[in-house]
>>> print(open('work_37.txt').read())   # compact mmCIF, C-alpha atoms and all ligand atoms
# COMPACT_ATOMS: atom_id res chain seq x y z
CA MET U 1 -4.34 -14.21 -24.07
CA ILE U 2 -6.05 -15.36 -20.88
CA LEU U 3 -4.39 -15.53 -17.48
CA ASP U 4 -5.75 -17.96 -14.94
CA LEU U 5 -4.41 -16.94 -11.53
CA PRO U 6 -4.96 -17.58 -7.85
CA LYS U 7 -7.06 -14.76 -6.40
CA TRP U 8 -4.71 -12.05 -5.22
CA PHE U 9 -4.23 -10.04 -2.04
CA ASP U 10 -3.95 -6.27 -1.82
CA LEU U 11 -1.46 -5.79 0.99
CA HIS U 12 -1.94 -2.06 1.25
CA THR U 13 -5.25 -0.39 0.60
CA HIS U 14 -7.65 2.17 2.04
CA PHE U 15 -11.28 1.33 2.73
CA ARG U 16 -11.90 4.46 4.85
CA GLN U 17 -14.94 4.82 7.09
CA GLY U 18 -18.58 5.81 6.70
CA GLU U 19 -21.22 5.04 4.14
CA ALA U 20 -18.99 4.23 1.16
CA VAL U 21 -16.92 1.49 2.81
CA GLY U 22 -19.08 -1.22 1.26
CA ASP U 23 -18.68 0.32 -2.19
CA TYR U 24 -14.90 0.35 -1.87
CA VAL U 25 -14.79 -3.24 -0.61
CA ARG U 26 -17.06 -4.39 -3.47
CA ALA U 27 -14.76 -2.78 -6.04
CA HIS U 28 -11.93 -4.89 -4.59
CA VAL U 29 -13.94 -8.10 -4.60
CA ALA U 30 -14.91 -7.44 -8.24
CA MET U 31 -11.26 -7.44 -9.30
CA GLY U 32 -10.44 -10.92 -8.01
CA CYS U 33 -9.12 -9.72 -4.68
CA ALA U 34 -9.27 -12.39 -1.96
CA GLY U 35 -8.15 -10.24 0.93
CA ALA U 36 -6.57 -7.03 2.02
CA LEU U 37 -4.46 -5.17 4.47
CA ALA U 38 -6.66 -2.18 5.24
CA MET U 39 -4.87 0.93 6.38
CA PRO U 40 -5.59 2.46 9.77
CA ASN U 41 -5.42 6.16 8.79
CA THR U 42 -9.16 6.42 9.20
CA ARG U 43 -11.04 9.10 11.07
CA PRO U 44 -10.63 8.41 13.95
CA PRO U 45 -7.40 6.42 13.55
CA VAL U 46 -7.16 2.72 14.39
CA SER U 47 -4.78 3.17 17.31
CA ARG U 48 -5.88 0.46 19.75
CA VAL U 49 -6.06 -3.31 19.38
CA SER U 50 -9.36 -4.01 21.10
CA GLY U 51 -12.33 -2.29 22.67
CA ASP U 52 -15.14 0.00 21.64
CA ALA U 53 -14.72 2.96 19.34
CA THR U 54 -14.34 6.34 21.01
CA GLU U 55 -14.29 9.80 19.48
CA ASP U 56 -10.51 9.70 19.25
CA SER U 57 -9.74 6.15 18.29
CA TRP U 58 -10.89 2.93 16.80
CA SER U 59 -9.62 -0.53 17.64
CA ILE U 60 -8.43 -3.14 15.17
CA GLU U 61 -11.22 -5.35 16.47
CA GLY U 62 -13.88 -2.66 15.98
CA TYR U 63 -12.71 -1.42 12.58
CA SER U 64 -12.33 -4.99 11.27
CA GLU U 65 -15.91 -5.66 12.30
CA VAL U 66 -17.08 -2.57 10.42
CA LEU U 67 -15.23 -3.75 7.31
CA ARG U 68 -16.59 -7.28 7.59
CA GLU U 69 -20.14 -6.01 7.95
CA ALA U 70 -19.63 -3.83 4.87
CA GLY U 71 -18.66 -6.83 2.74
CA ALA U 72 -15.13 -7.78 3.72
CA GLY U 73 -16.54 -10.86 5.44
CA VAL U 74 -16.04 -12.67 2.14
CA PHE U 75 -12.28 -12.05 2.25
CA GLU U 76 -9.98 -14.94 3.10
CA GLU U 77 -7.71 -12.54 4.98
CA LEU U 78 -8.23 -9.13 6.49
CA ILE U 79 -5.32 -7.47 8.23
CA VAL U 80 -5.67 -4.10 9.90
CA PRO U 81 -2.36 -2.74 11.17
CA LEU U 82 -2.16 -0.69 14.33
CA TYR U 83 -1.46 2.99 13.70
CA ILE U 84 1.63 3.85 15.79
CA THR U 85 0.84 7.01 17.78
CA ARG U 86 2.19 8.56 20.95
CA GLY U 87 -0.31 6.38 22.79
CA THR U 88 1.12 3.09 21.50
CA THR U 89 2.74 1.00 24.23
CA ALA U 90 4.83 -2.16 24.38
CA GLU U 91 2.06 -3.73 26.46
CA MET U 92 -0.44 -3.16 23.64
CA ILE U 93 1.92 -4.94 21.27
CA VAL U 94 2.55 -7.89 23.59
CA GLU U 95 -1.14 -8.30 24.44
CA GLY U 96 -2.28 -7.79 20.86
CA ALA U 97 0.15 -10.32 19.49
CA ARG U 98 -0.81 -12.81 22.18
CA SER U 99 -4.53 -12.44 21.40
CA GLY U 100 -3.88 -12.82 17.66
CA GLY U 101 -5.59 -9.48 16.94
CA LEU U 102 -2.35 -7.68 16.10
CA ARG U 103 -0.30 -8.77 13.11
CA ALA U 104 1.21 -5.52 11.86
CA CYS U 105 1.79 -1.92 12.88
CA LYS U 106 1.92 1.12 10.63
CA TYR U 107 4.51 3.86 10.72
CA TYR U 108 3.31 7.19 9.37
CA PRO U 109 5.66 10.15 9.09
CA PRO U 110 3.85 12.89 11.04
CA HIS U 111 1.98 15.24 8.68
CA GLY U 112 3.54 13.41 5.74
CA THR U 113 0.31 12.25 4.06
CA THR U 114 -3.47 11.88 4.44
CA ASN U 115 -4.50 11.58 8.13
CA SER U 116 -0.92 11.05 9.27
CA GLU U 117 -0.90 13.75 11.94
CA HIS U 118 -0.96 11.16 14.74
CA GLY U 119 2.35 9.63 13.62
CA VAL U 120 5.54 9.59 15.70
CA PRO U 121 8.91 10.40 14.04
CA MET U 122 10.97 7.29 13.28
CA ALA U 123 13.95 8.70 15.20
CA GLU U 124 11.84 8.59 18.37
CA LEU U 125 10.81 4.98 17.81
CA VAL U 126 14.14 3.38 16.91
CA GLY U 127 15.62 1.48 19.84
CA GLY U 128 12.46 2.01 21.89
CA PRO U 129 10.09 -0.39 23.63
CA VAL U 130 7.38 -0.47 20.95
CA LEU U 131 9.65 -1.66 18.15
CA LYS U 132 11.43 -4.02 20.55
CA ALA U 133 8.11 -5.58 21.52
CA MET U 134 7.18 -5.95 17.85
CA GLU U 135 10.50 -7.60 17.14
CA GLU U 136 10.00 -10.05 20.01
CA ALA U 137 6.41 -10.85 19.09
CA GLY U 138 6.93 -11.13 15.33
CA VAL U 139 4.63 -8.21 14.51
CA ILE U 140 5.41 -6.74 11.07
CA LEU U 141 6.22 -3.04 10.69
CA CYS U 142 4.62 -1.42 7.63
CA ILE U 143 6.51 1.72 6.75
CA HIS U 144 5.52 4.82 4.86
CA GLY U 145 9.12 5.58 4.04
CA GLU U 146 9.43 9.32 3.68
CA GLN U 147 11.44 11.64 5.87
CA HIS U 148 8.96 14.03 7.45
CA GLY U 149 9.33 17.76 7.85
CA LEU U 150 11.32 18.39 4.67
CA ALA U 151 10.49 21.25 2.31
CA GLY U 152 11.48 22.52 -1.11
CA ALA U 153 14.49 20.87 -2.72
CA ALA U 154 15.03 18.60 0.27
CA TYR U 155 11.50 17.28 -0.17
CA PHE U 156 11.67 16.76 -3.91
CA ASP U 157 14.52 17.34 -6.30
CA SER U 158 16.12 15.39 -9.12
CA GLY U 159 18.93 13.99 -6.99
CA ARG U 160 17.16 13.52 -3.66
CA ASN U 161 13.72 13.46 -2.11
CA ALA U 162 11.94 12.58 1.11
CA GLU U 163 11.94 8.86 0.23
CA SER U 164 15.59 8.57 -0.80
CA ALA U 165 16.50 10.52 2.34
CA PHE U 166 14.50 8.12 4.49
CA TYR U 167 16.02 5.00 2.96
CA GLY U 168 19.50 6.46 3.11
CA ASP U 169 19.37 8.01 6.59
CA ALA U 170 16.75 6.25 8.70
CA MET U 171 16.45 2.68 7.45
CA PRO U 172 19.99 1.40 8.09
CA GLY U 173 19.74 2.46 11.74
CA LEU U 174 16.33 0.82 12.09
CA LEU U 175 17.61 -2.51 10.76
CA GLU U 176 20.65 -2.35 12.97
CA ALA U 177 18.77 -1.47 16.14
CA HIS U 178 16.12 -4.18 15.55
CA PRO U 179 17.82 -7.09 13.83
CA ARG U 180 14.79 -9.40 13.97
CA LEU U 181 12.08 -6.88 13.13
CA ARG U 182 10.28 -7.77 9.90
CA ILE U 183 9.51 -4.80 7.70
CA VAL U 184 7.40 -3.97 4.66
CA CYS U 185 8.65 -0.95 2.76
CA GLU U 186 5.38 0.31 1.40
CA HIS U 187 4.60 1.89 -1.95
CA ILE U 188 8.25 2.39 -2.81
CA THR U 189 8.97 4.80 -5.63
CA THR U 190 12.73 5.35 -5.95
CA LYS U 191 15.75 3.47 -7.20
CA GLU U 192 17.30 4.05 -3.77
CA ALA U 193 14.44 2.24 -2.03
CA VAL U 194 14.57 -0.59 -4.59
CA ALA U 195 18.31 -0.99 -3.98
CA PHE U 196 17.75 -0.94 -0.22
CA VAL U 197 15.14 -3.70 -0.39
CA ARG U 198 17.14 -5.86 -2.78
CA GLY U 199 20.22 -5.47 -0.61
CA ALA U 200 18.39 -6.55 2.56
CA ASP U 201 17.62 -10.02 3.88
CA GLY U 202 14.55 -11.15 1.93
CA ALA U 203 13.09 -13.02 4.89
CA ARG U 204 13.05 -9.75 6.84
CA VAL U 205 12.42 -6.99 4.34
CA GLY U 206 9.67 -6.95 1.73
CA ALA U 207 8.10 -4.15 -0.27
CA THR U 208 4.86 -3.21 -1.95
CA VAL U 209 4.63 -1.39 -5.27
CA THR U 210 1.58 0.46 -6.59
CA PRO U 211 0.24 0.46 -10.16
CA GLN U 212 0.77 4.20 -10.52
CA HIS U 213 4.47 4.03 -9.66
CA LEU U 214 4.97 1.30 -12.27
CA LEU U 215 3.14 3.22 -14.98
CA TYR U 216 3.86 6.90 -14.55
CA THR U 217 6.55 9.45 -13.86
CA VAL U 218 6.44 13.00 -12.57
CA GLY U 219 6.16 14.33 -16.12
CA ASP U 220 2.75 12.66 -16.40
CA LEU U 221 1.70 14.32 -13.17
CA ILE U 222 2.70 17.88 -13.97
CA GLN U 223 1.68 17.98 -17.63
CA GLY U 224 -1.79 19.41 -17.16
CA LEU U 225 -1.55 18.96 -13.37
CA LYS U 226 -3.25 15.58 -13.39
CA TYR U 227 -4.51 15.52 -9.86
CA HIS U 228 -5.88 12.00 -10.13
CA LEU U 229 -2.23 10.90 -10.25
CA TYR U 230 -1.30 12.90 -7.18
CA CYS U 231 -0.43 10.49 -4.42
CA LEU U 232 2.26 10.21 -1.76
CA PRO U 233 5.01 9.35 -2.23
CA VAL U 234 4.79 11.30 -5.47
CA VAL U 235 5.61 9.51 -8.76
CA LYS U 236 9.30 9.94 -9.59
CA PHE U 237 11.64 9.78 -12.56
CA ASP U 238 12.17 7.29 -15.37
CA ALA U 239 15.23 5.71 -13.74
CA ASP U 240 13.16 5.10 -10.61
CA ARG U 241 10.29 3.56 -12.55
CA GLU U 242 12.76 1.39 -14.46
CA ALA U 243 14.29 0.15 -11.20
CA LEU U 244 10.83 -0.88 -10.01
CA ARG U 245 9.95 -2.62 -13.27
CA GLU U 246 13.25 -4.42 -13.31
CA ALA U 247 12.95 -5.61 -9.71
CA LEU U 248 9.44 -6.99 -10.24
CA GLY U 249 10.43 -8.77 -13.42
CA VAL U 250 13.17 -10.83 -11.77
CA ARG U 251 12.12 -14.49 -11.88
CA GLY U 252 11.96 -16.03 -8.45
CA GLN U 253 12.04 -12.74 -6.53
CA ARG U 254 10.13 -13.08 -3.25
CA GLN U 255 10.40 -9.60 -1.77
CA PHE U 256 8.10 -7.47 -3.90
CA PHE U 257 4.34 -7.83 -3.85
CA ALA U 258 1.08 -6.08 -4.62
CA GLY U 259 -0.11 -3.27 -2.41
CA THR U 260 -2.11 -0.84 -4.49
CA ASP U 261 -2.41 2.03 -2.02
CA SER U 262 -5.80 2.47 -3.66
CA ALA U 263 -7.01 5.57 -1.88
CA PRO U 264 -10.52 6.76 -2.67
CA HIS U 265 -11.17 10.44 -2.22
CA SER U 266 -14.68 11.58 -3.02
CA ALA U 267 -13.39 15.18 -2.97
CA LYS U 268 -10.03 15.00 -4.71
CA VAL U 269 -9.63 18.74 -5.12
CA THR U 270 -10.09 20.78 -2.00
CA GLU U 271 -9.92 24.48 -1.24
CA CYS U 272 -6.40 24.17 0.05
CA GLY U 273 -4.96 21.88 -2.62
CA CYS U 274 -5.34 18.30 -3.64
CA ALA U 275 -5.96 15.19 -1.59
CA ALA U 276 -3.20 12.61 -2.02
CA GLY U 277 -4.23 9.21 -3.29
CA CYS U 278 -4.92 7.32 -6.52
CA PHE U 279 -8.05 5.19 -6.58
CA THR U 280 -7.45 1.88 -8.38
CA GLY U 281 -10.41 -0.14 -7.07
CA GLY U 282 -11.81 -2.28 -9.90
CA CYS U 283 -8.75 -2.01 -12.12
CA ALA U 284 -5.56 -2.77 -10.17
CA PRO U 285 -4.62 -6.20 -11.66
CA GLN U 286 -5.20 -4.77 -15.14
CA LEU U 287 -2.92 -1.81 -14.37
CA TYR U 288 -0.27 -4.04 -12.82
CA ALA U 289 -0.29 -6.23 -15.94
CA MET U 290 0.17 -3.10 -18.03
CA GLY U 291 3.08 -2.10 -15.82
CA PHE U 292 4.69 -5.50 -16.39
CA GLU U 293 4.26 -5.06 -20.14
CA ALA U 294 5.39 -1.43 -20.25
CA GLY U 295 8.40 -0.50 -22.33
CA GLY U 296 7.69 -3.32 -24.78
CA ARG U 297 8.28 -6.12 -22.28
CA ALA U 298 6.47 -9.40 -22.78
CA LEU U 299 4.37 -10.28 -19.73
CA ASP U 300 6.30 -12.82 -17.68
CA VAL U 301 3.37 -14.73 -16.23
CA GLY U 302 5.46 -16.42 -13.54
CA ALA U 303 6.89 -13.15 -12.26
CA PHE U 304 3.47 -11.48 -12.47
CA GLU U 305 1.78 -14.26 -10.49
CA ALA U 306 4.50 -14.16 -7.84
CA PHE U 307 4.14 -10.41 -7.43
CA LEU U 308 0.34 -10.29 -7.49
CA CYS U 309 -0.75 -13.53 -5.86
CA THR U 310 1.89 -15.43 -3.90
CA ASN U 311 4.75 -13.28 -2.55
CA GLY U 312 2.46 -11.19 -0.33
CA PRO U 313 0.78 -14.11 1.44
CA GLU U 314 4.15 -15.79 1.87
CA PHE U 315 5.70 -12.71 3.45
CA TYR U 316 2.75 -12.16 5.78
CA GLY U 317 2.49 -15.87 6.54
CA PHE U 318 -0.97 -16.83 5.34
CA PRO U 319 -2.00 -19.26 2.56
CA VAL U 320 -2.08 -18.37 -1.10
CA SER U 321 -5.70 -18.37 -2.26
CA ALA U 322 -7.10 -21.67 -3.53
CA GLU U 323 -9.71 -19.69 -5.50
CA ARG U 324 -8.90 -18.45 -8.98
CA PHE U 325 -9.77 -15.55 -11.25
CA GLN U 326 -9.12 -14.84 -14.91
CA MET U 327 -7.90 -11.85 -16.86
CA GLU U 328 -8.13 -11.47 -20.59
CA ARG U 329 -5.98 -9.27 -22.81
CA VAL U 330 -8.86 -7.28 -24.25
CA ALA U 331 -9.11 -3.49 -24.37
CA GLY U 332 -11.57 -1.82 -22.05
CA GLU U 333 -12.29 1.32 -20.10
CA ALA U 334 -12.32 1.89 -16.36
CA VAL U 335 -15.56 3.32 -15.03
CA ALA U 336 -16.30 5.69 -12.18
CA LEU U 337 -17.45 4.10 -8.96
CA ASN U 338 -20.78 5.37 -7.73
CA THR U 339 -20.71 5.40 -3.97
CA ALA U 340 -22.92 6.51 -1.15
CA VAL U 341 -20.75 9.66 -0.86
CA GLY U 342 -20.61 10.45 -4.56
CA GLU U 343 -18.61 9.40 -7.56
CA VAL U 344 -15.01 8.28 -7.16
CA VAL U 345 -12.87 8.45 -10.27
CA PRO U 346 -10.38 5.61 -10.78
CA LEU U 347 -6.89 6.56 -11.89
CA PRO U 348 -7.11 5.39 -15.53
CA LEU U 349 -10.33 7.29 -16.09
CA GLY U 350 -8.79 10.41 -14.58
CA MET U 351 -5.72 9.99 -16.79
CA GLY U 352 -7.54 9.12 -20.02
CA LEU U 353 -5.85 5.73 -20.02
CA SER U 354 -7.59 2.75 -21.62
CA LEU U 355 -7.11 -0.65 -20.03
CA ASP U 356 -5.40 -3.41 -22.01
CA TRP U 357 -6.88 -6.12 -19.82
CA ARG U 358 -10.20 -7.00 -18.31
CA ILE U 359 -11.25 -9.29 -15.47
CA ILE U 360 -13.49 -12.13 -16.61
O1 LIG M 401 -1.41 9.00 -1.66
C1 LIG M 401 -1.64 8.56 -0.54
N1 LIG M 401 -2.91 8.45 -0.08
N2 LIG M 401 -0.62 8.20 0.24
C2 LIG M 401 -0.81 7.85 1.52
O2 LIG M 401 0.15 7.58 2.17
C3 LIG M 401 -2.16 7.87 2.12
C4 LIG M 401 -3.20 7.76 1.11
C5 LIG M 401 -4.58 8.11 1.63
O3 LIG M 401 -4.92 7.73 2.75
O4 LIG M 401 -5.34 8.77 0.90
ZN ZN M 402 -1.62 4.12 1.78
>>> encode(input="work_37.txt", output="structure tokens")
Amino acid sequence: MILDLPKWFDLHTHFRQGEAVGDYVRAHVAMGCAGALAMPNTRPPVSRVSGDATEDSWSIEGYSEVLREAGAGVFEELIVPLYITRGTTAEMIVEGARSGGLRACKYYPPHGTTNSEHGVPMAELVGGPVLKAMEEAGVILCIHGEQHGLAGAAYFDSGRNAESAFYGDAMPGLLEAHPRLRIVCEHITTKEAVAFVRGADGARVGATVTPQHLLYTVGDLIQGLKYHLYCLPVVKFDADREALREALGVRGQRQFFAGTDSAPHSAKVTECGCAAGCFTGGCAPQLYAMGFEAGGRALDVGAFEAFLCTNGPEFYGFPVSAERFQMERVAGEAVALNTAVGEVVPLPLGMGLSLDWRII
């Protein structure tokens, strides 16, 4: 079986900073990716729209230039969202939107994930000038939807977790306070988040889903402590994975789209634990296809194409790619990416998972 598809867009990925950026971008280009939304949780964070880099911050303009020079110049689209910090102002939003440099902002729960320490709690943003300015200007809010500051059973238990708490407690108030704000619920993992997205106005609320959350559950993570599968939000339970698979398989759905959260870490295991992030550069469309086929489902090509190639551009308001790429249903193996900062192990290799598809 061969799929002939428009080139796709990864609407949530990490290209980092430093010498390996070009290697990460190349791995994306090699898998038929025509463009990306590159996350701003770099060091330093991308917390201004324009201007020169300083020790404490990068601008969207400056970081985009770094990415383009490293190879992202071939992309049809490159979106870098603004990292919302305590320094973010309504004026920055208004100016940025007017100049065209600002298309999205990123909410990080403070201390909730990699390089998220500059984030501002959602409760402090709701109803405030920054979100109001975004709403006015049509700037999209990308949300890492986990309640910050939770521990133990409140953070992760069978009946509740930081994500279900966030979608239950914080999201309704956000929608109500900002009725025109457009939102992407990123890397959703729970049946509660799926239900929230499906219950919301599709023109306003979209969501990205990663390959790992379609393929794995927490049992896969803890059996042997498979740190290559450790990412945030953590993989959940079978009912959650089923809710994701079901939502993506609905013909004609427009709300869910690809955002891999591919997160290269050259040092995955550190002295104080494990860096969060699954690297899926080079193999994301293959893994997504496997997610669509999981549980004995036949691949619904229409639903797959909508999820991978067209829903994302339509939500963000840019054209679907006119270029095409092909995937063939042939077994293969993922390979480690050699980068300027060392080897980065892609998720399937770390998990001993063979690929059922290859890019041709
Ligand atoms: O697993 C994750 N890795 N989740 C995030 O939210 C951030 C990302 C990273 O930057 O490594
Ligand atoms: Zn991410």
>>> closest_residue(input="work_37.txt", among="U:Leu3, U:Cys272, U:Met290, U:Met171", to="U:His213", atoms="only C-alpha atoms")
U:Met290
>>> atom_distance(input="work_37.txt", atom1="atom CA of U:Val320", atom2="atom CA of U:Arg254")
13.5 Å
>>> residues_around(input="work_37.txt", residues="U:Ala303", least_positions_apart="4", cutoff="12 Å", atoms="all atoms listed in the file", output="ChimeraX atom specification")
/U:5,245-258,288-289,292-293,298-299,307-311
>>> residues_near_ligand(input="work_37.txt", ligand="ligand ZN 402 (chain M)", cutoff="9 Å", atoms="only C-alpha atoms and all ligand atoms", output="PyMOL selection string")
chain U and resi 12-14+38-39+41+113-114+144+186-187+231-232+259-263+277
>>> closest_residue(input="work_37.txt", among="U:Trp58, U:Tyr316, U:Tyr230, U:Tyr216", to="U:Val269", atoms="only C-alpha atoms")
U:Tyr230
>>> residues_around(input="work_37.txt", residues="U:Ser50", least_positions_apart="4", cutoff="10 Å", atoms="only C-alpha atoms", output="list in words")
Val46, Trp58, Ser59, Ile60, Glu61, Gly62, Tyr63, Met92, Glu95, Gly96, Ser99, Gly101 and Leu102 of chain U
>>> closest_residue(input="work_37.txt", among="U:Pro348, U:Gly317, U:Pro121, U:Pro233", to="ligand LIG 401 (chain M)", atoms="all atoms listed in the file")
U:Pro233
>>> residues_around(input="work_37.txt", residues="U:Leu229", least_positions_apart="6", cutoff="8 Å", atoms="all atoms listed in the file", output="PyMOL selection string")
chain U and resi 212+221+277-278+347+350-351
>>> write_last_selection(input="work_37.txt", atoms="C-alpha atoms", output="PDB file, in the frame of the given file")
ATOM      1  CA  GLN U 212       0.770   4.200 -10.520  1.00  0.00           C
ATOM      2  CA  LEU U 221       1.700  14.320 -13.170  1.00  0.00           C
ATOM      3  CA  GLY U 277      -4.230   9.210  -3.290  1.00  0.00           C
ATOM      4  CA  CYS U 278      -4.920   7.320  -6.520  1.00  0.00           C
ATOM      5  CA  LEU U 347      -6.890   6.560 -11.890  1.00  0.00           C
ATOM      6  CA  GLY U 350      -8.790  10.410 -14.580  1.00  0.00           C
ATOM      7  CA  MET U 351      -5.720   9.990 -16.790  1.00  0.00           C
TER       8      MET U 351
END
>>> closest_residue(input="work_37.txt", among="U:His111, U:Arg98, U:Arg182, U:Arg198", to="ligand LIG 401 (chain M)", atoms="only C-alpha atoms and all ligand atoms")
U:His111
>>> closest_residue(input="work_37.txt", among="U:Leu349, U:Val126, U:Leu225, U:Val234", to="ligand LIG 401 (chain M)", atoms="only C-alpha atoms and all ligand atoms")
U:Val234
>>> closest_residue(input="work_37.txt", among="U:Ala104, U:Ile188, U:Ala165, U:Val335", to="ligand LIG 401 (chain M)", atoms="all atoms listed in the file")
U:Ile188
>>> atom_distance(input="work_37.txt", atom1="atom CA of U:Asp240", atom2="atom CA of U:Tyr155")
16.1 Å
>>> residues_around(input="work_37.txt", residues="U:Lys236", least_positions_apart="6", cutoff="7 Å", atoms="all atoms listed in the file", output="number ranges by chain")
U: 189-190, 217-218
>>> atom_distance(input="work_37.txt", atom1="atom CA of U:Thr54", atom2="atom CA of U:Arg68")
19.3 Å
>>> residues_around(input="work_37.txt", residues="U:Leu82", least_positions_apart="5", cutoff="6 Å", atoms="only C-alpha atoms", output="JSON, numbers by chain")
{"U": [47, 105, 106]}
>>> decode(input="work_37.txt", residues="stretch 20-39 of chain U", atoms="N, CA and C atoms", output="CSV table (one decimal), in the first residue's frame")
chain,number,residue,atom,x,y,z
U,20,ALA,N,23.0,21.6,17.2
U,20,ALA,CA,22.3,20.5,16.6
U,20,ALA,C,21.0,20.9,15.9
U,21,VAL,N,20.7,22.2,15.9
U,21,VAL,CA,19.4,22.7,15.4
U,21,VAL,C,19.2,22.2,13.9
U,22,GLY,N,20.3,22.3,13.1
U,22,GLY,CA,20.2,21.9,11.7
U,22,GLY,C,19.9,20.4,11.6
U,23,ASP,N,20.5,19.6,12.5
U,23,ASP,CA,20.2,18.2,12.4
U,23,ASP,C,18.8,17.9,12.7
U,24,TYR,N,18.2,18.6,13.7
U,24,TYR,CA,16.8,18.4,14.0
U,24,TYR,C,15.9,18.8,12.9
U,25,VAL,N,16.2,20.0,12.3
U,25,VAL,CA,15.4,20.4,11.2
U,25,VAL,C,15.5,19.5,10.0
U,26,ARG,N,16.7,19.0,9.7
U,26,ARG,CA,16.8,18.0,8.6
U,26,ARG,C,16.0,16.8,8.8
U,27,ALA,N,16.0,16.3,10.0
U,27,ALA,CA,15.2,15.1,10.3
U,27,ALA,C,13.7,15.3,10.0
U,28,HIS,N,13.3,16.5,10.2
U,28,HIS,CA,11.9,16.9,9.9
U,28,HIS,C,11.7,17.0,8.4
U,29,VAL,N,12.6,17.6,7.7
U,29,VAL,CA,12.4,17.7,6.3
U,29,VAL,C,12.4,16.3,5.6
U,30,ALA,N,13.2,15.4,6.2
U,30,ALA,CA,13.4,14.1,5.6
U,30,ALA,C,12.1,13.3,5.7
U,31,MET,N,11.2,13.7,6.6
U,31,MET,CA,9.9,12.9,6.8
U,31,MET,C,8.7,13.6,6.1
U,32,GLY,N,9.0,14.4,5.1
U,32,GLY,CA,7.9,15.0,4.3
U,32,GLY,C,7.3,16.2,5.0
U,33,CYS,N,8.0,16.8,5.9
U,33,CYS,CA,7.4,17.9,6.7
U,33,CYS,C,7.6,19.2,5.9
U,34,ALA,N,6.6,19.9,5.7
U,34,ALA,CA,6.6,21.2,4.9
U,34,ALA,C,6.7,22.4,5.8
U,35,GLY,N,6.6,22.2,7.1
U,35,GLY,CA,6.6,23.4,8.0
U,35,GLY,C,6.3,23.0,9.4
U,36,ALA,N,6.6,24.0,10.3
U,36,ALA,CA,6.5,23.6,11.7
U,36,ALA,C,6.2,24.8,12.5
U,37,LEU,N,5.6,24.5,13.7
U,37,LEU,CA,5.5,25.5,14.7
U,37,LEU,C,6.5,25.0,15.8
U,38,ALA,N,7.5,25.9,15.9
U,38,ALA,CA,8.7,25.6,16.7
U,38,ALA,C,8.6,26.2,18.1
U,39,MET,N,8.6,25.4,19.1
U,39,MET,CA,8.3,25.9,20.5
U,39,MET,C,9.4,26.8,21.0
